[in-house]
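Take a look at the structure set out below.
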Amino acid sequence: MFYKVLNGVKIIEYGNFISAPFCAKILADLGAEVIKIESPSCGDESRRQAPFFHDIPGPENSGLFQYLNMNKLGVTLNPESATGLKLFTELLSSADVFVENNPPKRIKKLKLSYTQVKKINPHVIMTSITPFGQTGPYRDFESCELVSAHIGGVGYISMREGDISKEPIKLPAHLFSFQAGLSAAVATLSSIFRQSTTGLGEQLDVSEQESVIQNLNSSIARYSYAGQIMARTDAAGHAPFHILPCKDGFICAAFVEEAEWKRFVEVMGHPEWVDNELFKDFASRAKYWDALKPLMIEWTMQFTEEDIYRRSQEKAVPLGAVRSAHQVLQDKQMAARQFFVEVEHGGSKLTFPGVPYRFSEIKMESPSAAPLLGQHNDEIYCGRMGYTKRDLAKFKEAGVI
Amino acid sequence: MSTPSLKGIRVIAFTWVWAGPWMGGVLADMGAEVIKVETRQRLDSQRVVKITKNPEQSVNQGQFNVTNRGIKSITLNLKQPKGLEIIKKLVKISDVIITNFAPRALPGWGLGYETLKEIKPDIILVTLPAFGSTGPDKDYLSYGSTLEAVGGLSASFGYPGEVPVISGPYPSDPIGSMYGLVGVLAALNYRQRTGKGQHVDIAQNEGVTSLIPEVLMEEVMNGRTRPRMGNRDEIMAPHGCYPCKGHDKWVAIAVGTDEKWKALCRVMGNPDWATDEKFSDQYARWQNQDELNKLIAGWTKNFTHYEVMQKLQKAGVAAGPSFNIEELVNDPHVKNRGIFIEQNHPAAGKTIVYRSPWKSALTAKNPPAPCLGENNDYVFKELLGISDKEIAELVETKVIY
């Protein structure tokens with residue numbers, strides 16, 4: 001854990017890949033006990049996802065899995081077997097929260113839908129995260145990061161100044177699967193707050209598509225009030241709102257207020273540009289962007305991105321350096337706030353992103369490493385649930401755990 | 001039974017633009033009473049975005065109404081001693097204060113955490129500045145695009161082999177909101193257990209970085225920069241967005257296994273090219289994805305994006321249109337789920353908003369976004385017991401302003 005907030009809250013995670021594991025990670029980071037249930041044969045899919053430490057694939061070597069599952073306990077269990085299901089329901093009977101992201105059809109077939117789980121434990125909060133939610137015509141449709149980004153409406157407008165002859169693209173990595181997990185954690189935390197006074201649970205039906213939709217506020221406002229359909233070319237009327245090359249990389253000069261532009265031309269040593277009729281406002285600068293862009297680049301190419309970032313920010317210009325992962329890891333601001341953390345991995349310490357929140361009244365603690373596949377089987381099945389070592393061996397032979 | 005989770009929790013919101021207001025909108029869905037403190041001295045920039053032609057209504061027509069729905073608004077000038085006195089009375093009867101203003105704003109008014117704690121010992125203060133309230137860059141300025149640049153997202157965003165681009169919808173804002181809400185709800189849970197309040201400080205740039213661990217861990221584990229990948233995946237292929245019938249219409253398709261590939265081929269009518277050795281297994285398809293994408297595009301362009309989705313989903317292949325906002329609002333699944341809500345705003349007229357991205361039976365029923373100072377009477381008279389005569393004076397002296 002990072003912060004002891006939810007001590008005593010017991011969470012069962014039957015999650016795979018990103019959304020549900022990230023939701024449970026946030027709760028584990030806040031001190032809840034998360035028992036992660038994985039398939040005995042192959043474990044969580046993210047164990048097979050790059051990046052791998054020193055490019056060596058292996059179930060304990062994925063940076064993605066390690067990040068998503070730190071601070072959790074891990075057991076293996078196959079609920080498709082009758083004995084497995086019995087163990088699963090035993091685990092659920094003493095849980096406060098059940099987090100999962102299985103297809104609705106599968107979870108029902110396993111007898112683990114909310115209606116069924118409520119009978120085992122009426123007090124439980126069940127947070128289900130699926131591409132399209134638990135209801136509606138697309139409920140059982142297949143999806144993934146790519147499809148969700150596009151069917152949620154962000155792909156279509158994914159860039160400020162695009163070329164519509166080229167295909168719309170999604171945002172990097174698995175941003176929206178993470179955002180769905182984050183949103184699910186928020187929903188779950190509000191329900192835990194209610195549960196702790198009333199003892200009541202509920203079903204939380206989180207849709208990845210809807211989580212993507214929450215990024216569309218400007219889009220929906222324009223549609224709502226002006227019938228306007230935003231496209232990938234909408235920024236064309238506003239400049240500068242661009243990423244520009246510089247001596248050693250790129251900078252992001254995206255301004256909203258005229259005053260910011262005025263301060264920036266001073267930073268560039270060209271205060272006279274303010275008086276240039278062609279560059280008088282955002283619209284005009286956009287119209288004559290072909291003339292302005294080379295002038296700006298002539299200046300940016302003389303300096304490093306760090307240099308331009310500092311010079312601009314010192315003059316209250318909201319310009320950003322386009323940082324690579326390498327630069328992010330060197331960021332002095334993040335270092336001052338102790339954002340990055342060191343976590344044990346196979347005998348060495350590796351740097352991971354930490355959490356973006358700091359609590360004034362609670363001490364930050366060091367996180368623990370993600371569980372090896374089935375690492376806590378003994379502790380949970382024998383130590384907590386009272387099964388013997390021999391039972392465990394039989395469970396294993398029978399493919400239950 | 002169906003009382004919203006945060007019923008009885010009062011929140012004071014010093015918020016503007018997007019990340020702060022969306023926190024308020026979600027807290028309102030959870031049943032909290034959210035009171036936004038505004039002033040004509042400096043309005044939330046989103047109140048003055050002019051989307052329609054009617055200037056009289058423009059103050060209330062824009063994305064302001066999407067993110068601030070369900071909350072209350074008061075007008076108060078905190079630079080006047082009487083304004084500050086009134087806000088302190090409100091703090092005394094509130095549970096949480098949220099803000100996405102610059103770190104110096106609240107302390108500048110004399111409302112730093114230490115002062116707030118003296119007024120209300122168990123108060124929860126959640127601050128959501130761009131880079132956090134501590135560290136050397138704490139006063140740096142930022143918009144969503146700046147955060148994405150500095151947080152490491154922009155460098156990975158773009159078409160393969162091309163320069164980085166600025167994202168269209170700035171997901172960093174709602175990501176900040178959700179982390180802000182993690183802060184609020186964790187602190188509320190903690191207060192319920194210990195009776196203690198808290199200052200939770202969230203750095204939005206850290207929030208962005210924490211959602212792209214693949215990018216960071218590639219650098220940490222292998223010292224490599226993750227390339228810009230557009231719609232591509234680490235190993236899946238086909239994995240892209242393909243042209244369909246109509247102007248700027250596209251469908252996203254993702255194939256992760258040989259079995260799904262066979263299903264795709266069947267739907268395409270088993271074309272001869274599909275049996276080529278170049279596409280015989282996942283690795284081969286991934287290696288030859290440029291050629292593969294062209295061939296698939298040759299098939300998709302004969303159909304509408306809906307037709308491709310229906311055909312492929314029927315065969316169990318992940319596919320979905322890259323929806324524009326109009327298509328999204330009118331899609332049968334999206335309608336069935338009720339994520340978009342049509343409200344009749346007293347000043348702005350028909351307004352489409354979206355609820356929080358999950359379904360819960362406990363979601364509160366809430367009014368449209370408030371007009372400026374709409375709830376002055378309720379807050380100043382009913383909650384704080386200020387007399388009509390005093391209120392008239394406060395309006396006259398521009399304290400209530």
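The chains in the structure tokens are called A, B, ... from first to last as shown; in each chain the residues are counted from 1, and the ligands are counted from 1 in the order shown.
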
(message) Please identify the helix (DSSP H, G or I) residues within segment 15-94 of chain B (assignment by DSSP from backbone atoms) and present them as JSON, numbers by chain.
(response) {"B": [19, 20, 21, 22, 23, 24, 25, 26, 27, 28, 29, 45, 46, 47, 48, 55, 56, 57, 58, 64, 65, 66, 67, 81, 82, 83, 84, 85, 86, 87, 88, 89, 90, 91, 92]}

(message) At a cut-off of 6 Å, which residues of chain A touch chain B? Count only C-alpha atoms and give the answer as a PyMOL selection string.
(response) chain A and resi 5+51+53-54+63-64+136-137+142-143+147+150-151+153+156-160+169-170+172+175+178+186+189+193-194+204-206+210-211+215+217-218+221+224+313+318+320-325+333+336+353+356-361

Could the residues in this selection be saved with C-alpha atoms as a short mmCIF file (atom, residue, chain, number, x, y, z; two decimals), in the first residue's frame?
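After the write, result-v4.cif holds the following:
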```
data_model
loop_
_atom_site.label_atom_id
_atom_site.label_comp_id
_atom_site.auth_asym_id
_atom_site.auth_seq_id
_atom_site.Cartn_x
_atom_site.Cartn_y
_atom_site.Cartn_z
CA VAL A 5 -6.91 4.55 4.48
CA PRO A 51 7.36 -4.46 -21.79
CA PHE A 53 12.38 -6.84 -18.08
CA HIS A 54 15.48 -7.16 -20.30
CA GLY A 63 6.31 -4.25 -16.35
CA LEU A 64 2.61 -3.79 -17.04
CA GLY A 136 -28.12 -2.73 -23.87
CA PRO A 137 -27.84 -4.23 -27.35
CA GLU A 142 -16.25 -7.87 -28.30
CA SER A 143 -13.98 -4.91 -27.72
CA VAL A 147 -12.33 -0.40 -30.49
CA HIS A 150 -13.22 4.72 -31.42
CA ILE A 151 -16.73 3.58 -30.48
CA GLY A 153 -16.15 8.92 -29.87
CA TYR A 156 -12.79 10.53 -34.37
CA ILE A 157 -11.52 13.75 -32.79
CA SER A 158 -8.30 12.35 -31.36
CA MET A 159 -6.11 15.16 -32.67
CA ARG A 160 -6.39 18.92 -32.90
CA ILE A 169 -6.04 7.16 -34.33
CA LYS A 170 -6.44 6.17 -30.72
CA PRO A 172 -1.23 5.87 -26.74
CA LEU A 175 -5.02 5.01 -21.74
CA PHE A 178 -6.79 2.69 -17.38
CA VAL A 186 -14.09 6.30 -7.84
CA LEU A 189 -14.92 4.31 -3.15
CA PHE A 193 -18.24 5.07 2.12
CA ARG A 194 -21.96 4.24 2.17
CA LEU A 204 -21.78 -0.81 -10.03
CA ASP A 205 -22.05 -1.25 -13.79
CA VAL A 206 -19.07 0.51 -15.34
CA GLU A 210 -19.05 5.61 -21.22
CA SER A 211 -15.70 6.18 -19.57
CA ASN A 215 -13.73 13.05 -22.44
CA ASN A 217 -17.45 17.74 -23.00
CA SER A 218 -16.58 20.28 -25.66
CA ALA A 221 -21.65 21.15 -25.92
CA SER A 224 -26.00 20.39 -28.16
CA GLN A 313 7.14 29.18 -17.66
CA PRO A 318 1.80 27.73 -20.22
CA GLY A 320 5.18 22.40 -22.17
CA ALA A 321 8.21 20.29 -23.02
CA VAL A 322 7.21 17.16 -24.96
CA ARG A 323 8.96 14.74 -22.67
CA SER A 324 10.09 11.25 -23.46
CA ALA A 325 9.83 8.55 -20.80
CA GLN A 333 9.39 18.27 -9.96
CA ALA A 336 10.76 16.54 -5.35
CA PRO A 353 5.22 5.32 -11.29
CA PRO A 356 -0.50 11.25 -7.84
CA TYR A 357 -2.04 12.02 -4.43
CA ARG A 358 -0.42 13.05 -1.13
CA PHE A 359 -2.28 13.00 2.20
CA SER A 360 -1.32 15.56 4.83
CA GLU A 361 -2.26 13.37 7.79
#
```

(request) Can you work out the spacing between atom CA of Asp307 of chain A and atom CA of Met268 of chain A in Å, to one decimal? (result) 11.8 Å

(request) Going by DSSP on the backbone, which bits of segment 128-217 of chain B are strand (DSSP E)? Write them as an NGL selection string, please. (result) :B and (198-202)

Keeping only N, CA and C atoms, write the selected residues as a PDB file, in the first residue's frame.
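So the final result, stored in out-v7.pdb, reads:
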```pdb
ATOM      1  N   GLN B 198      -8.233  16.315   6.456  1.00  0.00           N
ATOM      2  CA  GLN B 198      -7.069  16.025   5.629  1.00  0.00           C
ATOM      3  C   GLN B 198      -6.883  17.063   4.536  1.00  0.00           C
ATOM      4  N   HIS B 199      -5.646  17.319   4.156  1.00  0.00           N
ATOM      5  CA  HIS B 199      -5.407  18.007   2.891  1.00  0.00           C
ATOM      6  C   HIS B 199      -4.857  16.983   1.913  1.00  0.00           C
ATOM      7  N   VAL B 200      -5.587  16.733   0.846  1.00  0.00           N
ATOM      8  CA  VAL B 200      -5.100  15.827  -0.188  1.00  0.00           C
ATOM      9  C   VAL B 200      -4.677  16.680  -1.378  1.00  0.00           C
ATOM     10  N   ASP B 201      -3.436  16.492  -1.787  1.00  0.00           N
ATOM     11  CA  ASP B 201      -2.896  17.281  -2.895  1.00  0.00           C
ATOM     12  C   ASP B 201      -2.613  16.354  -4.070  1.00  0.00           C
ATOM     13  N   ILE B 202      -3.175  16.694  -5.219  1.00  0.00           N
ATOM     14  CA  ILE B 202      -3.021  15.828  -6.394  1.00  0.00           C
ATOM     15  C   ILE B 202      -2.313  16.582  -7.507  1.00  0.00           C
TER      16      ILE B 202
END
```

(request) List the neighbours of Trp16 of chain B out to 9 Å using only C-alpha atoms; skip same-chain residues closer than 6 positions along the sequence, and give me the result as a ChimeraX atom specification. (result) /B:43-46,64,99-101

Any chance you could export the current selection's C-alpha atoms as a PDB file, in the first residue's frame?
```pdb
ATOM      1  CA  LEU B  43     -15.693  34.184 -14.255  1.00  0.00           C
ATOM      2  CA  ASP B  44     -15.022  30.547 -15.024  1.00  0.00           C
ATOM      3  CA  SER B  45     -13.712  30.872 -18.595  1.00  0.00           C
ATOM      4  CA  GLN B  46     -16.188  28.196 -19.677  1.00  0.00           C
ATOM      5  CA  PHE B  64     -19.806  24.762 -18.479  1.00  0.00           C
ATOM      6  CA  THR B  99     -10.224  23.334  -6.021  1.00  0.00           C
ATOM      7  CA  ASN B 100      -8.305  23.179  -9.272  1.00  0.00           C
ATOM      8  CA  PHE B 101      -7.061  26.772  -8.964  1.00  0.00           C
TER       9      PHE B 101
END
```

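The two atoms in question, atom CA of Ile164 of chain A and atom CA of Ala231 of chain A, are spaced 8.3 Å apart.
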
(message) Need to verify the contact set: Glu379 of chain A, 12 Å, only C-alpha atoms, exclusion of same-chain residues closer than 5 positions in sequence. Can you return it as a PyMOL selection string?
(response) chain A and resi 35+73-75+374+384-389+392

(request) Would you list the contacts of segment 12-22 of chain A as JSON, numbers by chain, taking every protein, DNA or RNA residue within 7 Å and counting only C-alpha atoms, but skipping same-chain residues closer than 2 positions in sequence? (result) {"A": [10, 24, 25, 26, 34, 35, 36, 37, 38, 44, 45, 46, 68, 69, 92, 95, 97, 98, 99, 100, 101, 129, 177, 178, 180, 181, 182]}

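Computed from the coordinates, the atom CA of Arg40 of chain B to atom CA of Ala254 of chain A distance equals 26.4 Å.
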
(request) Write out as a PyMOL selection string each polymer residue whose atoms come within 9 Å of Pro79 of chain A, counting only C-alpha atoms; drop sequence neighbours fewer than 4 positions from it. (result) chain A and resi 39+83-88+110+400

Spatial neighbours of Val274 of chain A, 8 Å, only C-alpha atoms, chain gap at least 6 places, as a CSV table (one decimal) with C-alpha atoms, in the first residue's frame:
```csv
chain,number,residue,atom,x,y,z
A,262,LYS,CA,2.1,38.4,-26.0
A,265,VAL,CA,6.7,36.6,-28.3
A,280,LYS,CA,-2.8,39.9,-34.4
```
